[in-house]
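Okay, query_22.cif now, which holds mmCIF, C-alpha atoms:
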```cif
data_start
loop_
_atom_site.label_atom_id
_atom_site.label_comp_id
_atom_site.auth_asym_id
_atom_site.auth_seq_id
_atom_site.Cartn_x
_atom_site.Cartn_y
_atom_site.Cartn_z
CA MET A 231 23.39 -16.86 2.39
CA ASN A 232 22.35 -18.99 5.37
CA LYS A 233 20.95 -22.02 3.54
CA GLU A 234 19.78 -23.62 6.79
CA ARG A 235 17.45 -20.68 7.31
CA TYR A 236 15.73 -21.29 3.96
CA SER A 237 16.26 -25.08 3.84
CA ARG A 238 12.56 -26.00 3.78
CA GLN A 239 11.89 -23.46 1.03
CA ILE A 240 14.88 -24.74 -0.98
CA LEU A 241 13.54 -28.30 -0.67
CA PHE A 242 10.44 -27.15 -2.55
CA SER A 243 11.54 -28.09 -6.08
CA PRO A 244 9.96 -25.15 -8.00
CA ILE A 245 12.24 -22.87 -5.93
CA GLY A 246 15.36 -24.89 -5.08
CA SER A 247 18.80 -23.35 -4.52
CA GLU A 248 18.73 -21.42 -7.79
CA GLY A 249 15.34 -19.94 -7.04
CA GLN A 250 16.43 -18.95 -3.56
CA GLU A 251 19.39 -17.09 -5.04
CA ARG A 252 17.01 -15.26 -7.37
CA ILE A 253 14.77 -14.27 -4.47
CA ARG A 254 17.81 -12.89 -2.63
CA ASP A 255 18.72 -10.75 -5.66
CA LYS A 256 15.27 -9.17 -6.05
CA HIS A 257 13.69 -5.93 -4.82
CA VAL A 258 9.97 -5.73 -4.01
CA LEU A 259 8.05 -2.49 -3.46
CA VAL A 260 4.98 -2.80 -1.20
CA ILE A 261 2.53 0.11 -1.43
CA GLY A 262 0.57 0.25 1.82
CA ALA A 263 1.46 -1.07 5.27
CA GLY A 264 -1.98 -2.03 6.47
CA ALA A 265 -3.39 -5.54 6.64
CA LEU A 266 -2.32 -6.67 3.16
CA GLY A 267 0.96 -4.77 3.29
CA THR A 268 2.13 -6.21 6.60
CA GLY A 269 1.09 -9.72 5.56
CA ASN A 270 2.89 -9.53 2.22
CA ALA A 271 5.97 -7.89 3.71
CA GLU A 272 6.36 -10.50 6.44
CA VAL A 273 6.08 -13.44 4.04
CA LEU A 274 8.63 -11.93 1.65
CA VAL A 275 11.09 -11.03 4.41
CA ARG A 276 10.84 -14.54 5.87
CA ALA A 277 11.35 -15.92 2.34
CA GLY A 278 14.68 -14.06 2.06
CA ILE A 279 13.93 -11.23 -0.36
CA GLY A 280 17.05 -9.14 -0.98
CA LYS A 281 15.41 -5.73 -0.57
CA LEU A 282 11.95 -4.67 0.47
CA THR A 283 10.63 -1.10 0.31
CA ILE A 284 7.42 -0.42 2.23
CA VAL A 285 5.43 2.81 1.90
CA ASP A 286 2.44 4.09 3.86
CA ARG A 287 0.79 7.43 4.61
CA ASP A 288 -0.83 6.60 7.97
CA TYR A 289 -0.03 5.72 11.58
CA VAL A 290 -1.01 2.77 13.78
CA GLU A 291 -4.41 2.97 15.47
CA TRP A 292 -6.13 0.57 17.87
CA SER A 293 -8.56 -0.62 15.18
CA ASN A 294 -5.60 -1.84 13.11
CA LEU A 295 -4.43 -4.42 15.65
CA GLN A 296 -7.22 -6.89 14.84
CA ARG A 297 -5.74 -7.71 11.41
CA GLN A 298 -2.47 -5.82 10.77
CA GLN A 299 -0.05 -8.43 11.99
CA LEU A 300 3.22 -6.52 12.46
CA TYR A 301 1.88 -4.01 15.00
CA ASN A 302 1.35 -4.06 18.77
CA GLU A 303 -0.35 -1.98 21.44
CA GLU A 304 2.68 0.23 22.03
CA ASP A 305 2.66 1.25 18.35
CA ALA A 306 -0.99 2.31 18.70
CA LYS A 307 -0.36 4.18 21.96
CA SER A 308 2.49 6.18 20.42
CA ARG A 309 0.74 6.59 17.03
CA LEU A 310 3.86 5.36 15.30
CA PRO A 311 3.75 5.67 11.48
CA LYS A 312 3.02 2.26 10.01
CA ALA A 313 6.04 2.26 7.72
CA ILE A 314 8.38 2.87 10.67
CA ALA A 315 6.76 0.25 12.91
CA ALA A 316 6.75 -2.27 10.05
CA LYS A 317 10.43 -1.71 9.32
CA LYS A 318 11.32 -2.31 12.97
CA ARG A 319 9.42 -5.63 13.17
CA LEU A 320 10.62 -6.83 9.77
CA GLY A 321 14.21 -6.13 10.75
CA GLU A 322 13.71 -8.25 13.86
CA ILE A 323 12.37 -11.10 11.72
CA ASN A 324 15.24 -11.11 9.21
CA SER A 325 18.23 -8.83 9.74
CA THR A 326 19.78 -9.82 6.39
CA VAL A 327 17.08 -8.09 4.34
CA ASP A 328 17.60 -4.50 3.20
CA ILE A 329 14.40 -2.81 4.39
CA GLU A 330 13.52 0.73 3.36
CA ALA A 331 10.53 2.58 4.85
CA HIS A 332 8.83 5.75 3.61
CA ILE A 333 6.05 7.78 5.25
CA LEU A 334 4.39 8.97 2.07
CA ASP A 335 1.07 9.39 0.34
CA VAL A 336 2.06 7.89 -2.98
CA MET A 337 1.43 10.03 -6.05
CA PRO A 338 2.87 9.49 -9.57
CA GLU A 339 6.17 11.31 -9.03
CA GLU A 340 6.83 9.52 -5.75
CA LEU A 341 5.86 6.13 -7.15
CA VAL A 342 8.11 6.50 -10.19
CA ASN A 343 11.06 7.33 -7.93
CA LEU A 344 10.30 4.41 -5.61
CA ALA A 345 9.72 1.93 -8.42
CA MET A 346 13.00 2.49 -10.22
CA GLY A 347 15.06 -0.61 -9.55
CA ALA A 348 12.13 -2.63 -8.18
CA ASP A 349 11.45 -6.04 -9.71
CA LEU A 350 7.85 -6.22 -8.49
CA ILE A 351 5.20 -3.92 -7.01
CA ILE A 352 2.62 -5.29 -4.59
CA ASP A 353 -0.64 -3.41 -4.15
CA ALA A 354 -1.70 -3.21 -0.50
CA THR A 355 -3.56 0.10 -0.75
CA ASP A 356 -7.06 1.05 0.37
CA ASN A 357 -8.10 3.23 -2.58
CA PHE A 358 -8.64 2.84 -6.29
CA GLU A 359 -6.87 6.07 -7.29
CA THR A 360 -3.54 4.75 -6.04
CA ARG A 361 -4.12 1.37 -7.70
CA MET A 362 -4.59 3.05 -11.07
CA ILE A 363 -1.37 5.04 -10.54
CA ILE A 364 0.42 1.76 -9.79
CA ASN A 365 -1.11 0.28 -12.93
CA ASP A 366 0.13 3.10 -15.18
CA VAL A 367 3.63 3.17 -13.64
CA SER A 368 3.76 -0.60 -14.12
CA GLN A 369 2.86 -0.32 -17.79
CA LYS A 370 5.07 2.67 -18.54
CA TYR A 371 8.19 1.19 -16.92
CA SER A 372 7.49 -2.54 -17.49
CA ILE A 373 7.39 -3.51 -13.81
CA PRO A 374 5.07 -6.41 -12.85
CA TRP A 375 2.55 -5.81 -10.09
CA ILE A 376 0.02 -7.80 -8.08
CA TYR A 377 -3.38 -6.32 -7.31
CA GLY A 378 -5.15 -7.25 -4.09
CA ALA A 379 -8.12 -6.01 -2.08
CA CYS A 380 -10.50 -7.23 0.61
CA VAL A 381 -13.60 -6.13 2.52
CA GLY A 382 -15.81 -8.04 4.93
CA SER A 383 -15.17 -11.70 4.14
CA TYR A 384 -14.52 -11.00 0.45
CA GLY A 385 -11.16 -10.77 -1.28
CA ILE A 386 -9.70 -10.51 -4.78
CA SER A 387 -6.26 -10.79 -6.38
CA TYR A 388 -4.76 -10.56 -9.86
CA SER A 389 -1.20 -10.61 -11.22
CA ILE A 390 -0.24 -8.23 -14.03
CA LEU A 391 2.73 -8.67 -16.38
CA PRO A 392 3.21 -5.64 -18.67
CA GLY A 393 3.05 -6.62 -22.34
CA VAL A 394 1.60 -10.04 -21.52
CA THR A 395 -1.57 -9.84 -19.42
CA PRO A 396 -4.47 -7.39 -19.53
CA CYS A 397 -3.80 -4.47 -17.20
CA LEU A 398 -6.21 -3.28 -14.52
CA HIS A 399 -7.59 -0.61 -16.84
CA CYS A 400 -8.53 -3.32 -19.36
CA LEU A 401 -10.66 -5.05 -16.74
CA ILE A 402 -12.53 -2.08 -15.27
CA ASP A 403 -15.67 -2.62 -17.35
CA GLU A 404 -15.45 -6.40 -17.42
CA VAL A 405 -14.61 -7.55 -13.88
CA PRO A 406 -16.18 -6.27 -10.60
CA ILE A 407 -13.03 -4.70 -9.12
CA GLY A 408 -13.81 -0.99 -8.80
CA GLY A 409 -16.06 -1.18 -5.73
CA LEU A 410 -13.38 -2.36 -3.32
CA THR A 411 -12.31 1.04 -2.13
CA CYS A 412 -13.80 1.26 1.36
CA ASP A 413 -14.02 -1.06 4.36
CA THR A 414 -17.23 0.36 5.83
CA ALA A 415 -18.62 -3.20 5.93
CA GLY A 416 -15.80 -4.18 8.28
CA ILE A 417 -13.30 -6.94 7.63
CA ILE A 418 -12.27 -10.25 9.13
CA SER A 419 -8.64 -11.28 9.37
CA PRO A 420 -9.03 -14.60 7.48
CA ALA A 421 -10.08 -12.66 4.36
CA VAL A 422 -6.84 -10.68 4.60
CA SER A 423 -4.79 -13.84 5.03
CA GLN A 424 -6.39 -15.43 1.99
CA VAL A 425 -5.59 -12.46 -0.27
CA VAL A 426 -2.04 -12.37 1.10
CA THR A 427 -1.71 -16.08 0.29
CA HIS A 428 -2.67 -15.48 -3.34
CA GLN A 429 -0.48 -12.38 -3.68
CA THR A 430 2.65 -13.85 -2.11
CA THR A 431 2.38 -17.15 -3.98
CA GLU A 432 2.23 -15.27 -7.27
CA ALA A 433 5.05 -13.03 -6.05
CA LEU A 434 7.32 -16.00 -5.36
CA LYS A 435 6.61 -17.36 -8.85
CA MET A 436 7.69 -14.04 -10.35
CA LEU A 437 10.74 -13.71 -8.10
CA VAL A 438 12.07 -17.14 -9.11
CA GLU A 439 11.08 -16.30 -12.72
CA ASP A 440 8.66 -19.21 -13.11
CA TYR A 441 6.27 -17.18 -15.25
CA GLU A 442 4.62 -20.25 -16.79
CA SER A 443 3.13 -21.09 -13.39
CA LEU A 444 1.33 -17.73 -13.03
CA SER A 445 -2.44 -18.14 -12.86
CA HIS A 446 -3.49 -15.48 -15.45
CA ARG A 447 -6.77 -15.35 -13.55
CA VAL A 448 -8.65 -12.91 -11.38
CA VAL A 449 -9.26 -14.90 -8.21
CA SER A 450 -12.02 -13.83 -5.83
CA PHE A 451 -13.74 -15.42 -2.86
CA ASP A 452 -16.18 -14.89 -0.02
CA LEU A 453 -15.10 -17.00 2.93
CA TRP A 454 -18.29 -16.48 4.91
CA LYS A 455 -20.49 -17.52 2.00
CA ASN A 456 -18.17 -20.38 1.00
CA GLU A 457 -17.78 -18.96 -2.50
CA HIS A 458 -14.72 -19.00 -4.77
CA THR A 459 -14.36 -17.72 -8.34
CA SER A 460 -11.44 -17.95 -10.76
CA LEU A 461 -11.87 -16.01 -14.00
CA ASP A 462 -9.49 -16.40 -16.95
CA VAL A 463 -9.02 -12.86 -18.29
CA ARG A 464 -6.34 -13.35 -20.95
CA LYS A 465 -8.77 -12.52 -23.77
CA LEU A 466 -9.74 -9.21 -22.16
CA LYS A 467 -6.55 -7.37 -23.15
CA LYS A 468 -7.64 -4.33 -25.21
CA GLU A 469 -5.71 -2.65 -28.00
CA GLU A 470 -7.52 0.62 -27.25
CA CYS A 471 -6.65 0.57 -23.54
CA PRO A 472 -5.21 3.99 -22.54
CA SER A 473 -2.78 2.33 -20.14
CA CYS A 474 -1.43 -0.67 -22.07
CA GLY A 475 -2.89 -0.40 -25.58
CA VAL A 476 -1.46 0.77 -28.89
CA HIS A 477 -1.87 4.49 -28.17
CA ARG A 478 -0.99 4.76 -24.50
CA MET A 479 -1.68 7.95 -22.52
CA TYR A 480 -1.22 6.67 -18.94
CA PRO A 481 -4.20 8.73 -17.71
CA SER A 482 -3.56 8.23 -13.97
CA LEU A 483 -0.13 9.86 -14.29
CA ARG A 484 -1.52 13.10 -15.66
CA TYR A 485 -1.47 16.04 -13.26
CA GLU A 486 -5.09 17.04 -13.82
CA ASN A 487 -6.21 13.61 -12.63
CA GLN A 488 -4.43 13.92 -9.28
CA THR A 489 -6.40 15.07 -6.24
CA LYS A 490 -5.06 17.14 -3.36
CA THR A 491 -7.69 15.95 -0.87
CA ALA A 492 -9.16 12.56 -0.08
CA VAL A 493 -11.78 11.11 2.24
CA LEU A 494 -10.05 8.20 3.95
CA CYS A 495 -11.57 4.81 3.49
CA GLY A 496 -13.96 3.69 6.22
CA ARG A 497 -13.22 6.67 8.49
CA ASP A 498 -14.69 10.11 9.16
CA SER A 499 -11.40 11.63 8.05
CA VAL A 500 -10.05 13.85 5.30
CA GLN A 501 -6.45 13.99 4.13
CA ILE A 502 -5.09 17.32 2.92
CA ARG A 503 -1.94 17.40 0.79
CA PRO A 504 -0.14 20.74 0.33
CA ALA A 505 0.20 22.01 -3.25
CA SER A 506 3.89 21.13 -3.11
CA ARG A 507 5.48 18.60 -0.81
CA HIS A 508 7.81 20.28 1.66
CA ALA A 509 9.28 19.53 5.06
CA VAL A 510 7.77 21.37 8.03
CA ASN A 511 9.31 21.96 11.45
CA LEU A 512 7.02 19.94 13.72
CA LEU A 513 8.72 21.21 16.89
CA ASP A 514 8.18 24.88 15.97
CA ILE A 515 4.54 24.25 15.00
CA SER A 516 4.01 22.29 18.20
CA LYS A 517 5.35 25.18 20.31
CA THR A 518 3.14 27.68 18.46
CA LEU A 519 0.06 25.53 19.09
CA GLU A 520 0.95 25.10 22.77
CA ASN A 521 1.27 28.89 23.08
CA GLN A 522 -2.28 29.07 21.72
CA GLY A 523 -3.44 26.78 24.53
CA LYS A 524 -3.57 23.58 22.50
CA GLN A 525 -2.55 20.29 24.05
CA VAL A 526 -0.17 18.69 21.57
CA GLU A 527 1.01 15.09 21.36
CA ARG A 528 4.09 14.45 19.27
CA ASN A 529 6.64 11.90 18.17
CA PRO A 530 9.52 12.32 15.69
CA TYR A 531 7.18 11.84 12.73
CA LEU A 532 3.93 13.70 13.51
CA ILE A 533 2.06 15.96 15.89
CA ARG A 534 -1.55 15.61 17.02
CA PHE A 535 -3.92 18.13 18.61
CA LYS A 536 -7.62 18.83 18.93
CA VAL A 537 -9.82 21.60 17.53
CA ASP A 538 -13.32 21.37 18.99
CA SER A 539 -14.45 17.82 18.09
CA LEU A 540 -11.83 17.35 15.37
CA GLN A 541 -8.49 15.57 15.78
CA ILE A 542 -5.69 17.04 13.62
CA VAL A 543 -2.56 15.07 12.72
CA LEU A 544 0.27 16.82 10.85
CA PHE A 545 3.17 14.91 9.26
CA TYR A 546 6.64 16.32 8.57
CA ASP A 547 5.91 16.46 4.80
CA GLY A 548 3.16 19.04 5.38
CA ARG A 549 0.35 16.53 4.93
CA ALA A 550 -2.49 16.53 7.46
CA LEU A 551 -5.25 14.14 8.49
CA ILE A 552 -8.42 15.79 9.81
CA HIS A 553 -10.34 13.20 11.85
CA GLY A 554 -14.01 13.70 12.67
CA THR A 555 -15.31 15.04 9.37
CA LYS A 556 -15.87 14.06 5.76
CA GLU A 557 -16.46 17.66 4.72
CA MET A 558 -13.69 18.86 2.40
CA LYS A 559 -14.54 22.54 2.96
CA GLU A 560 -14.31 22.23 6.74
CA ALA A 561 -11.06 20.24 6.54
CA LYS A 562 -9.43 22.73 4.19
CA SER A 563 -10.47 25.63 6.42
CA ILE A 564 -8.86 23.98 9.47
CA TYR A 565 -5.70 23.18 7.51
CA HIS A 566 -5.20 26.73 6.23
CA ARG A 567 -6.03 28.25 9.63
CA TYR A 568 -3.20 26.42 11.35
CA PHE A 569 -0.71 25.52 8.62
CA GLY A 570 -1.00 28.28 6.04
#
```

As C-alpha cells:
Amino acid sequence: MNKERYSRQILFSPIGSEGQERIRDKHVLVIGAGALGTGNAEVLVRAGIGKLTIVDRDYVEWSNLQRQQLYNEEDAKSRLPKAIAAKKRLGEINSTVDIEAHILDVMPEELVNLAMGADLIIDATDNFETRMIINDVSQKYSIPWIYGACVGSYGISYSILPGVTPCLHCLIDEVPIGGLTCDTAGIISPAVSQVVTHQTTEALKMLVEDYESLSHRVVSFDLWKNEHTSLDVRKLKKEECPSCGVHRMYPSLRYENQTKTAVLCGRDSVQIRPASRHAVNLLDISKTLENQGKQVERNPYLIRFKVDSLQIVLFYDGRALIHGTKEMKEAKSIYHRYFG
C-alpha cells in the first residue's frame, strides 16, 4: 500500500494505519451510478477501498452532467452506459482499486449475486422498489447498507446494521421517506453533495469497524430553506416487521412483488424488462432495423432508433427504454413489435 497516498487520511486518528488497512480489505457495492452513486464511488476510491462494484441500468445523458460528477460531454454524446463511464474515470483516479461495473436493472436475483462477498451496500438508486429489495437482501444476508435520497434542495440519509438498527421497512409508517422516488421538482448539486457526505462518512465508520461512532439517526435537510433534522430511530425497530422482525418473509424478494415494467423517475420514459434476462445480438437487430429504413445509432452496449416521436434504446440484456411516453400499453406494444 502506498502510505503517502493516504497519509492525510491515516493522520486522522479514528482511521490511522490500522483503519486504512481495513478499508483496503473491504468490498463496497454501489447500486446506481447517478449523482449519489458517482459521488459515493469517487470518495471511496480516493479513500483506498479494496474493491468497488458499481451497477446501473441507464446511460449518460446531457441532463446528468449538471450533478453527476464522473461524466463528461463525450459520455453524453456517445450515450455511454453510466457503469462503464464510471469505471473508466474511477480507474483513472485510483488504479490500485479493483473496480467492477455492471449494466443491470437490479432485481432480487441479481442483487443477491452481486452482494455476496460485499461488506457494505450503498443505495444510490432513484426508486423505492429497488431500495426495498436492497433492504431485504441486507436483512436476509446480514450486509449493512446506507440509504440515501435527494430531490430539489432536500436530502436524507440513514445507516442500517442488520440485527442492530431498525430496517427501512420498520420506518415506512414513522418517517417521511417513501415520497423520494422522483426528481420532477429538479435537483441542485449541493443537495447531492450533502447526502454523499453523510453516506460516505458513515461508510468509512463501517469500513474501519468503528460501529460505536455510527449516528443511529435519520438525517434530513433542506439546504434552500436552511433546515436540518436529525431523528433518533433506535426505538422504532419492530418485532412484527416482515423484513427484520421475528417472523421474516422478505416481501420485496418475492416474485409476485417484482414488476416487469417501470416508469422512469422524472422522465417521460418506460423501461421494459423481458420475462427472462437473455443476451441479444445488437448488431443483427441493428441491421434488421436499418433494412426497415430506421436510422440506428449504436455503441458496444446499446442501440438507439426512433419510431415516430418515440426514442427506443435496447440494451444487450434485452431490456429497452422507451422515451417519449409514460403509457405502459404503448411501450409494451412498441417493444413486442420490434423485439418479440

What residues come out when you apply the PyMOL selection byres ((chain A and resi 419-422) around 10) to this file, written as a short mmCIF file (atom, residue, chain, number, x, y, z; two decimals) with C-alpha atoms, keeping the file's coordinate frame?
```cif
data_model
loop_
_atom_site.label_atom_id
_atom_site.label_comp_id
_atom_site.auth_asym_id
_atom_site.auth_seq_id
_atom_site.Cartn_x
_atom_site.Cartn_y
_atom_site.Cartn_z
CA ALA A 265 -3.39 -5.54 6.64
CA LEU A 266 -2.32 -6.67 3.16
CA GLY A 267 0.96 -4.77 3.29
CA GLY A 269 1.09 -9.72 5.56
CA GLN A 296 -7.22 -6.89 14.84
CA ARG A 297 -5.74 -7.71 11.41
CA GLN A 298 -2.47 -5.82 10.77
CA GLN A 299 -0.05 -8.43 11.99
CA GLY A 378 -5.15 -7.25 -4.09
CA ALA A 379 -8.12 -6.01 -2.08
CA CYS A 380 -10.50 -7.23 0.61
CA VAL A 381 -13.60 -6.13 2.52
CA GLY A 382 -15.81 -8.04 4.93
CA SER A 383 -15.17 -11.70 4.14
CA TYR A 384 -14.52 -11.00 0.45
CA GLY A 385 -11.16 -10.77 -1.28
CA ILE A 386 -9.70 -10.51 -4.78
CA ILE A 417 -13.30 -6.94 7.63
CA ILE A 418 -12.27 -10.25 9.13
CA SER A 423 -4.79 -13.84 5.03
CA GLN A 424 -6.39 -15.43 1.99
CA VAL A 425 -5.59 -12.46 -0.27
CA VAL A 426 -2.04 -12.37 1.10
CA THR A 427 -1.71 -16.08 0.29
CA PHE A 451 -13.74 -15.42 -2.86
CA ASP A 452 -16.18 -14.89 -0.02
CA LEU A 453 -15.10 -17.00 2.93
CA TRP A 454 -18.29 -16.48 4.91
#
```

Original post:
Taking into account only C-alpha atoms, which residue in the set A:Val449, A:Lys467, A:His428, A:Arg549 is nearest to Leu334 in chain A?
Top reply: A:Arg549

Subject >> Neighbour list for range 346-355 of chain A as number ranges by chain, cut-off 7 Å, all atoms listed in the file, skip fewer than 4 positions in-chain >> reply: A: 256-263, 266-267, 342, 361, 373-378

**OP:** Tell me which residues the PyMOL selection byres ((chain A and resi 318-327) around 12) grabs here, as JSON, numbers by chain.
**Re:** {"A": [231, 232, 235, 236, 253, 254, 255, 256, 257, 258, 263, 267, 268, 269, 270, 271, 272, 273, 274, 275, 276, 277, 278, 279, 280, 281, 282, 283, 284, 299, 300, 301, 302, 305, 310, 311, 312, 313, 314, 315, 316, 317, 328, 329, 330, 331]}

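Our summary of the geometry notes that CA of Gly264 in chain A is positioned 14.3 Å from CA of Thr360 in chain A.
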
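Distance annotation: of A:Thr395, A:Gln501, A:Asn456, A:Ser243, the residue with the minimal separation from Leu444 in chain A is A:Thr395; atom set is all atoms listed in the file.
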
Since the input lacks atoms, please generate N, CA, C and O atoms for range 369-390 of chain A and provide them as a PDB file, keeping the file's coordinate frame.
```pdb
ATOM      1  N   GLN A 369       2.872  -0.205 -16.327  1.00  0.00           N
ATOM      2  CA  GLN A 369       2.860  -0.320 -17.790  1.00  0.00           C
ATOM      3  C   GLN A 369       3.930   0.536 -18.438  1.00  0.00           C
ATOM      4  O   GLN A 369       4.609   0.108 -19.378  1.00  0.00           O
ATOM      5  N   LYS A 370       4.110   1.743 -17.924  1.00  0.00           N
ATOM      6  CA  LYS A 370       5.070   2.670 -18.540  1.00  0.00           C
ATOM      7  C   LYS A 370       6.505   2.186 -18.369  1.00  0.00           C
ATOM      8  O   LYS A 370       7.345   2.334 -19.277  1.00  0.00           O
ATOM      9  N   TYR A 371       6.813   1.578 -17.212  1.00  0.00           N
ATOM     10  CA  TYR A 371       8.190   1.190 -16.920  1.00  0.00           C
ATOM     11  C   TYR A 371       8.402  -0.325 -16.890  1.00  0.00           C
ATOM     12  O   TYR A 371       9.458  -0.800 -16.472  1.00  0.00           O
ATOM     13  N   SER A 372       7.394  -1.065 -17.360  1.00  0.00           N
ATOM     14  CA  SER A 372       7.490  -2.540 -17.490  1.00  0.00           C
ATOM     15  C   SER A 372       7.890  -3.220 -16.187  1.00  0.00           C
ATOM     16  O   SER A 372       8.828  -4.017 -16.136  1.00  0.00           O
ATOM     17  N   ILE A 373       7.156  -2.891 -15.121  1.00  0.00           N
ATOM     18  CA  ILE A 373       7.390  -3.510 -13.810  1.00  0.00           C
ATOM     19  C   ILE A 373       6.137  -4.316 -13.448  1.00  0.00           C
ATOM     20  O   ILE A 373       5.042  -3.749 -13.350  1.00  0.00           O
ATOM     21  N   PRO A 374       6.237  -5.620 -13.242  1.00  0.00           N
ATOM     22  CA  PRO A 374       5.070  -6.410 -12.850  1.00  0.00           C
ATOM     23  C   PRO A 374       4.478  -5.919 -11.530  1.00  0.00           C
ATOM     24  O   PRO A 374       5.205  -5.378 -10.678  1.00  0.00           O
ATOM     25  N   TRP A 375       3.165  -6.127 -11.374  1.00  0.00           N
ATOM     26  CA  TRP A 375       2.550  -5.810 -10.090  1.00  0.00           C
ATOM     27  C   TRP A 375       1.417  -6.775  -9.797  1.00  0.00           C
ATOM     28  O   TRP A 375       0.897  -7.428 -10.702  1.00  0.00           O
ATOM     29  N   ILE A 376       1.067  -6.873  -8.511  1.00  0.00           N
ATOM     30  CA  ILE A 376       0.020  -7.800  -8.080  1.00  0.00           C
ATOM     31  C   ILE A 376      -1.043  -7.012  -7.325  1.00  0.00           C
ATOM     32  O   ILE A 376      -0.782  -6.429  -6.269  1.00  0.00           O
ATOM     33  N   TYR A 377      -2.236  -7.012  -7.892  1.00  0.00           N
ATOM     34  CA  TYR A 377      -3.380  -6.320  -7.310  1.00  0.00           C
ATOM     35  C   TYR A 377      -4.014  -7.173  -6.214  1.00  0.00           C
ATOM     36  O   TYR A 377      -4.089  -8.395  -6.325  1.00  0.00           O
ATOM     37  N   GLY A 378      -4.454  -6.524  -5.143  1.00  0.00           N
ATOM     38  CA  GLY A 378      -5.150  -7.250  -4.090  1.00  0.00           C
ATOM     39  C   GLY A 378      -6.049  -6.311  -3.303  1.00  0.00           C
ATOM     40  O   GLY A 378      -5.723  -5.135  -3.113  1.00  0.00           O
ATOM     41  N   ALA A 379      -7.201  -6.817  -2.867  1.00  0.00           N
ATOM     42  CA  ALA A 379      -8.120  -6.010  -2.080  1.00  0.00           C
ATOM     43  C   ALA A 379      -9.026  -6.937  -1.280  1.00  0.00           C
ATOM     44  O   ALA A 379      -9.243  -8.091  -1.658  1.00  0.00           O
ATOM     45  N   CYS A 380      -9.558  -6.433  -0.174  1.00  0.00           N
ATOM     46  CA  CYS A 380     -10.500  -7.230   0.610  1.00  0.00           C
ATOM     47  C   CYS A 380     -11.417  -6.320   1.418  1.00  0.00           C
ATOM     48  O   CYS A 380     -11.060  -5.192   1.760  1.00  0.00           O
ATOM     49  N   VAL A 381     -12.604  -6.820   1.708  1.00  0.00           N
ATOM     50  CA  VAL A 381     -13.600  -6.130   2.520  1.00  0.00           C
ATOM     51  C   VAL A 381     -14.544  -7.178   3.064  1.00  0.00           C
ATOM     52  O   VAL A 381     -14.892  -8.132   2.367  1.00  0.00           O
ATOM     53  N   GLY A 382     -14.946  -7.038   4.320  1.00  0.00           N
ATOM     54  CA  GLY A 382     -15.810  -8.040   4.930  1.00  0.00           C
ATOM     55  C   GLY A 382     -15.137  -9.395   4.936  1.00  0.00           C
ATOM     56  O   GLY A 382     -14.051  -9.558   5.471  1.00  0.00           O
ATOM     57  N   SER A 383     -15.767 -10.364   4.292  1.00  0.00           N
ATOM     58  CA  SER A 383     -15.170 -11.700   4.140  1.00  0.00           C
ATOM     59  C   SER A 383     -14.787 -11.966   2.692  1.00  0.00           C
ATOM     60  O   SER A 383     -14.497 -13.104   2.321  1.00  0.00           O
ATOM     61  N   TYR A 384     -14.783 -10.903   1.892  1.00  0.00           N
ATOM     62  CA  TYR A 384     -14.520 -11.000   0.450  1.00  0.00           C
ATOM     63  C   TYR A 384     -13.107 -10.547   0.138  1.00  0.00           C
ATOM     64  O   TYR A 384     -12.574  -9.621   0.757  1.00  0.00           O
ATOM     65  N   GLY A 385     -12.479 -11.187  -0.835  1.00  0.00           N
ATOM     66  CA  GLY A 385     -11.160 -10.770  -1.280  1.00  0.00           C
ATOM     67  C   GLY A 385     -10.958 -11.044  -2.752  1.00  0.00           C
ATOM     68  O   GLY A 385     -11.685 -11.850  -3.360  1.00  0.00           O
ATOM     69  N   ILE A 386      -9.965 -10.372  -3.346  1.00  0.00           N
ATOM     70  CA  ILE A 386      -9.700 -10.510  -4.780  1.00  0.00           C
ATOM     71  C   ILE A 386      -8.217 -10.258  -5.035  1.00  0.00           C
ATOM     72  O   ILE A 386      -7.580  -9.471  -4.331  1.00  0.00           O
ATOM     73  N   SER A 387      -7.663 -10.961  -6.027  1.00  0.00           N
ATOM     74  CA  SER A 387      -6.260 -10.790  -6.380  1.00  0.00           C
ATOM     75  C   SER A 387      -6.058 -11.057  -7.863  1.00  0.00           C
ATOM     76  O   SER A 387      -6.783 -11.859  -8.458  1.00  0.00           O
ATOM     77  N   TYR A 388      -5.046 -10.382  -8.436  1.00  0.00           N
ATOM     78  CA  TYR A 388      -4.760 -10.560  -9.860  1.00  0.00           C
ATOM     79  C   TYR A 388      -3.325 -10.104 -10.136  1.00  0.00           C
ATOM     80  O   TYR A 388      -2.899  -9.050  -9.667  1.00  0.00           O
ATOM     81  N   SER A 389      -2.590 -10.917 -10.878  1.00  0.00           N
ATOM     82  CA  SER A 389      -1.200 -10.610 -11.220  1.00  0.00           C
ATOM     83  C   SER A 389      -1.115 -10.010 -12.620  1.00  0.00           C
ATOM     84  O   SER A 389      -1.738 -10.529 -13.560  1.00  0.00           O
ATOM     85  N   ILE A 390      -0.314  -8.946 -12.764  1.00  0.00           N
ATOM     86  CA  ILE A 390      -0.240  -8.230 -14.030  1.00  0.00           C
ATOM     87  C   ILE A 390       1.206  -8.178 -14.519  1.00  0.00           C
ATOM     88  O   ILE A 390       2.096  -7.663 -13.829  1.00  0.00           O
TER      89      ILE A 390
END
```
